[in-house]
Amino acid sequence: MTHTLHRKGTVEDLKEDYVMLAMFAAGINDSYDDSHQKMVKIGEIMKKYNPVNIISEIVWVTTSTVTAAFDNLESVKNVIRELKKEDFGISIVVSGLISEIEEALKELELYPHTIHFSLGTFSGPKVQSLPSEKILEITTMCGHHTVSPQSITNYVKLIKQGKITIEKAAEKLTKPCVCGIVNTKRITKVLNSLISEKKN
Amino acid sequence: MEINSDVCNGCGQCILVCPVQAIKMIDNKAYIDEDCCVECAVCIREAKCPVNAIMMKRLQWPRSIRIPFSNVLTTHKLTGIGGRGTEEMKTNDVTNRYNAGEIGIAIELGRPGVGTKLRNIELFTTKLSVIGVIYEEKSPVTTLIIDGEGHINEEIKEERVLSAIIEFKIPSEKLPLILNVIRTVENEIDTVFTVGLVSRMQGINPSEFVYHVTNLGFQVRPNAKINIGLGKP
């Protein structure tokens, strides 16, 4: 019940981080013959507007969920505009800054149906310290926490040694997330920031 | 998960990818701390072990309960749902799971990245059951609750998982009671947890809801999940 909800970062960071998700209501939307064709079409529309990451196309025909990450609100608006026109009847969830999404929906003559708000992270007294906020910005982008903090630290070291480019490291850190919701472009920015931190 | 120490060449790739730091190097061989390992299988998928030393063991009950709460590629046997979550608000425009005047709540134990023993669920559920919450029947956590007092199955309590989500709903006027429980458990628990509140935007706008929760002493993040209402039954 959380998945894309608890992404860390400031408002400025989050302005470049939106996730779109299409999902069948089990036993309702998936009971029609053309259900999976609709899901494929939704995947194609998301792909058309240049997501920075998207769930593997191989699963579009079998899954109950298609997901993609975008680095700008304009692309998200374009996807919503097309989905509204096509009227597939499948639930669409947009994760990101509430105020920005609300404004975009108003422009498209839509209104939020239901919102899942985040109260953030709580930590018990016996918990050893969590990784730094910058590391958590990357790890919390995967809704199933498959990106390990120590792999990020290792890539920072390798980048500094000139053994891998920032872009290649970002691509590799995206891999464990099978849902395609980790924002590769945002990882690049965070890695850049981590490298500067270490230099100072 | 298991690493065949006869085969392991000590390259350490598996140590780097483990999300819960359950793999250690001892005498140039990688070993899995069985208590710490949550059976997420990220090591076998992502370490690309050059000598194929990582193996997925056939697990016996109760250890096998770790898998659906940790491995994103599995489906929970009891719920038939992939992973540890449910459809929740994602399909609310079709299912009407949460109606006006109700608040959905998701307390995710162990996230981000610390993991949790399943016994921690009871810290919440014994207090929530007194309040009279309605647990989400399709949630894997709900299947672990064995009585009306919120106790969970004794034999699985010491099992460690990547995350476990307690999902339930309440009439909106009970929200202050739930937030009190969160503050109480925060001082008792040995892991991290995240909290999410679901509200249908009928007769209320987002900023009004945020204002209401802020007045109850909690900060609301600027980012959220928004169901935009394109789903149809």
# chains A, B, ... in the order shown; residues from 1 in each chain; ligands from 1
$ closest_atom_pairs --of "chain B" --to "chain A" --cutoff "7 Å" --atoms "only C-alpha atoms" --output "JSON lines"
{"residue": "B:Leu16", "atom": "CA", "partner": "A:Ser151", "partner_atom": "CA", "distance": 5.0}
{"residue": "B:Val17", "atom": "CA", "partner": "A:Ser148", "partner_atom": "CA", "distance": 5.5}
{"residue": "B:Cys18", "atom": "CA", "partner": "A:Ser148", "partner_atom": "CA", "distance": 6.0}
{"residue": "B:Pro19", "atom": "CA", "partner": "A:Ser148", "partner_atom": "CA", "distance": 4.2}
{"residue": "B:Val42", "atom": "CA", "partner": "A:Thr146", "partner_atom": "CA", "distance": 6.6}
{"residue": "B:Glu46", "atom": "CA", "partner": "A:Pro176", "partner_atom": "CA", "distance": 6.5}
{"residue": "B:Val72", "atom": "CA", "partner": "A:His144", "partner_atom": "CA", "distance": 6.6}
{"residue": "B:Gly85", "atom": "CA", "partner": "A:Met1", "partner_atom": "CA", "distance": 5.1}
{"residue": "B:Thr86", "atom": "CA", "partner": "A:Met1", "partner_atom": "CA", "distance": 6.0}
{"residue": "B:Glu88", "atom": "CA", "partner": "A:Met1", "partner_atom": "CA", "distance": 6.0}
{"residue": "B:Met89", "atom": "CA", "partner": "A:Thr114", "partner_atom": "CA", "distance": 6.7}
{"residue": "B:Lys90", "atom": "CA", "partner": "A:Val93", "partner_atom": "CA", "distance": 6.1}
{"residue": "B:Thr91", "atom": "CA", "partner": "A:Ser91", "partner_atom": "CA", "distance": 5.4}
{"residue": "B:Asp93", "atom": "CA", "partner": "A:His113", "partner_atom": "CA", "distance": 6.7}
{"residue": "B:Val94", "atom": "CA", "partner": "A:Ala25", "partner_atom": "CA", "distance": 6.7}
{"residue": "B:Thr95", "atom": "CA", "partner": "A:Ala25", "partner_atom": "CA", "distance": 7.0}
{"residue": "B:Ala106", "atom": "CA", "partner": "A:Met1", "partner_atom": "CA", "distance": 6.0}
{"residue": "B:Pro112", "atom": "CA", "partner": "A:Thr140", "partner_atom": "CA", "distance": 6.7}
{"residue": "B:Gly113", "atom": "CA", "partner": "A:His145", "partner_atom": "CA", "distance": 6.2}
{"residue": "B:Ile165", "atom": "CA", "partner": "A:Met1", "partner_atom": "CA", "distance": 6.9}
{"residue": "B:Glu186", "atom": "CA", "partner": "A:Gly124", "partner_atom": "CA", "distance": 5.1}
{"residue": "B:Asn187", "atom": "CA", "partner": "A:Gly124", "partner_atom": "CA", "distance": 5.7}
{"residue": "B:Glu188", "atom": "CA", "partner": "A:Gly124", "partner_atom": "CA", "distance": 6.4}
{"residue": "B:Ile189", "atom": "CA", "partner": "A:Gly124", "partner_atom": "CA", "distance": 4.9}
{"residue": "B:Asp190", "atom": "CA", "partner": "A:Lys126", "partner_atom": "CA", "distance": 5.1}
{"residue": "B:Thr191", "atom": "CA", "partner": "A:Gly124", "partner_atom": "CA", "distance": 5.5}
{"residue": "B:Val192", "atom": "CA", "partner": "A:Ser123", "partner_atom": "CA", "distance": 4.3}
{"residue": "B:Phe193", "atom": "CA", "partner": "A:Phe122", "partner_atom": "CA", "distance": 5.3}
{"residue": "B:Thr194", "atom": "CA", "partner": "A:Thr121", "partner_atom": "CA", "distance": 4.4}
{"residue": "B:Val195", "atom": "CA", "partner": "A:Leu119", "partner_atom": "CA", "distance": 5.3}
{"residue": "B:Gly196", "atom": "CA", "partner": "A:Ser118", "partner_atom": "CA", "distance": 4.5}
{"residue": "B:Leu197", "atom": "CA", "partner": "A:Phe117", "partner_atom": "CA", "distance": 5.1}
{"residue": "B:Val198", "atom": "CA", "partner": "A:His116", "partner_atom": "CA", "distance": 4.3}
{"residue": "B:Ser199", "atom": "CA", "partner": "A:Ile115", "partner_atom": "CA", "distance": 5.5}
{"residue": "B:Arg200", "atom": "CA", "partner": "A:Thr114", "partner_atom": "CA", "distance": 4.1}
{"residue": "B:Met201", "atom": "CA", "partner": "A:Thr114", "partner_atom": "CA", "distance": 5.3}
{"residue": "B:Phe218", "atom": "CA", "partner": "A:Leu119", "partner_atom": "CA", "distance": 6.8}
{"residue": "B:Gln219", "atom": "CA", "partner": "A:Leu119", "partner_atom": "CA", "distance": 5.9}
{"residue": "B:Val220", "atom": "CA", "partner": "A:Leu119", "partner_atom": "CA", "distance": 4.8}
{"residue": "B:Arg221", "atom": "CA", "partner": "A:Ser118", "partner_atom": "CA", "distance": 5.4}
{"residue": "B:Pro222", "atom": "CA", "partner": "A:Leu97", "partner_atom": "CA", "distance": 5.6}
{"residue": "B:Asn223", "atom": "CA", "partner": "A:Leu97", "partner_atom": "CA", "distance": 4.1}
{"residue": "B:Ala224", "atom": "CA", "partner": "A:Phe117", "partner_atom": "CA", "distance": 4.9}
{"residue": "B:Lys225", "atom": "CA", "partner": "A:Ser95", "partner_atom": "CA", "distance": 4.2}
{"residue": "B:Ile226", "atom": "CA", "partner": "A:Ile115", "partner_atom": "CA", "distance": 4.6}
{"residue": "B:Asn227", "atom": "CA", "partner": "A:Val93", "partner_atom": "CA", "distance": 4.3}
{"residue": "B:Ile228", "atom": "CA", "partner": "A:Pro112", "partner_atom": "CA", "distance": 4.7}
{"residue": "B:Gly229", "atom": "CA", "partner": "A:His113", "partner_atom": "CA", "distance": 4.9}
{"residue": "B:Leu230", "atom": "CA", "partner": "A:Ser91", "partner_atom": "CA", "distance": 5.5}
{"residue": "B:Gly231", "atom": "CA", "partner": "A:Ser91", "partner_atom": "CA", "distance": 3.9}
{"residue": "B:Lys232", "atom": "CA", "partner": "A:Gly89", "partner_atom": "CA", "distance": 4.6}
{"residue": "B:Pro233", "atom": "CA", "partner": "A:Ile28", "partner_atom": "CA", "distance": 6.4}
$ residues_around --residues "range 135-146 of chain B" --least-positions-apart "5" --cutoff "8 Å" --atoms "only C-alpha atoms" --output "ChimeraX atom specification"
/B:76,78-79,81,84-86,151-153,164-169
$ select_by_dssp --residues "range 4-183 of chain A" --states "strand (DSSP E or B)" --output "number ranges by chain"
A: 18-23, 53-54, 65-70, 91-97, 114-123
$ closest_residue --among "A:Ala68, A:Ile55, A:Val182, A:Ile187" --to "Ala169 in chain A" --atoms "only C-alpha atoms"
A:Ile187
$ closest_residue --among "B:Thr125, B:Ser163, B:Thr74, B:Ser64" --to "Arg111 in chain B" --atoms "only C-alpha atoms"
B:Ser163
$ residues_around --residues "range 36-43 of chain A" --least-positions-apart "4" --cutoff "7 Å" --atoms "only C-alpha atoms" --output "VMD selection string"
chain A and resid 47 60 to 62 66 88
$ residues_around --residues "Glu167 in chain A" --least-positions-apart "2" --cutoff "10 Å" --atoms "only C-alpha atoms" --output "PyMOL selection string"
chain A and resi 159+164-165+169-173+184-185+187-189+191-192
$ select_by_dssp --residues "range 31-204 of chain B" --states "helix (DSSP H, G or I)" --output "PyMOL selection string"
chain B and resi 42-46+63-70+88-95+120-131+142-144+154-156+172-186
$ atom_distance --atom1 "CA of Glu109 in chain A" --atom2 "CA of Ile204 in chain B"
17.4 Å
$ atom_distance --atom1 "CA of Met1 in chain B" --atom2 "CA of Tyr31 in chain B"
10.1 Å
$ closest_residue --among "B:Lys174, B:Lys117, B:Arg45, B:Arg58" --to "Ile103 in chain B" --atoms "only C-alpha atoms"
B:Lys174
$ atom_distance --atom1 "CA of Lys57 in chain B" --atom2 "CA of Gln13 in chain B"
19.6 Å
